[in-house]
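A quick write-up on the structure given underneath.
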Amino acid sequence: MTGLLSEVLIDRYEMIVQVKQSQGQLLRMEEIISQLKKEKEKATKQAKEIERALQDFIHKIRVL
């Protein structure tokens, strides 16, 4: 049982690491969005929605 528990914890940790990497990519996307002339507001809103979804996912992983 201990082996299974450690595997689950490692899998959760790896998922969080991957999501954090996605958040880093999102920051780069926001930099690009700030340079847009057209559709800037729409793209900013969509990026914020993605950021919120990533944060919610991390929270759900930690609560499990």
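Here, A, B, ... name the chains of the structure tokens in the order displayed, residue numbers run from 1 inside each chain, and ligands are numbered from 1 in the same displayed order.
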
Show which residues sit within 12 Å of Gln23 (chain A), as a compact mmCIF listing (two decimals) with C-alpha atoms, in the first residue's frame. Count only C-alpha atoms, and ignore same-chain residues fewer than 2 positions away.
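Output file result_16.txt follows:
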```txt
# COMPACT_ATOMS: atom_id res chain seq x y z
CA ILE A 16 1.55 20.10 -10.77
CA VAL A 17 4.99 20.57 -12.35
CA GLN A 18 3.49 20.25 -15.82
CA VAL A 19 0.73 22.72 -15.02
CA LYS A 20 3.28 25.18 -13.61
CA GLN A 21 5.21 24.88 -16.89
CA GLN A 25 4.01 29.49 -21.23
CA LEU A 26 0.87 31.46 -20.46
CA LEU A 27 2.99 34.34 -19.18
CA ARG A 28 4.84 34.39 -22.51
CA MET A 29 1.48 34.35 -24.31
CA GLU A 30 0.34 37.35 -22.27
CA ALA A 47 -5.67 34.01 -21.34
CA LYS A 48 -7.15 34.92 -17.95
CA GLU A 49 -9.70 32.11 -18.31
CA ILE A 50 -6.91 29.64 -19.05
CA GLU A 51 -4.94 30.90 -16.06
CA ARG A 52 -7.99 30.48 -13.80
CA ALA A 53 -8.55 26.94 -15.12
CA LEU A 54 -4.91 25.99 -14.44
CA GLN A 55 -5.10 27.36 -10.90
CA PHE A 57 -6.76 22.27 -11.58
CA ILE A 58 -3.76 22.62 -9.25
```

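From CA of Met15 (chain A) back to CA of Ile61 (chain A), the distance works out to 8.0 Å.
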
Just the number, please: distance in Å from CA of His59 (chain A) to CA of Lys42 (chain A), one decimal. 26.0 Å
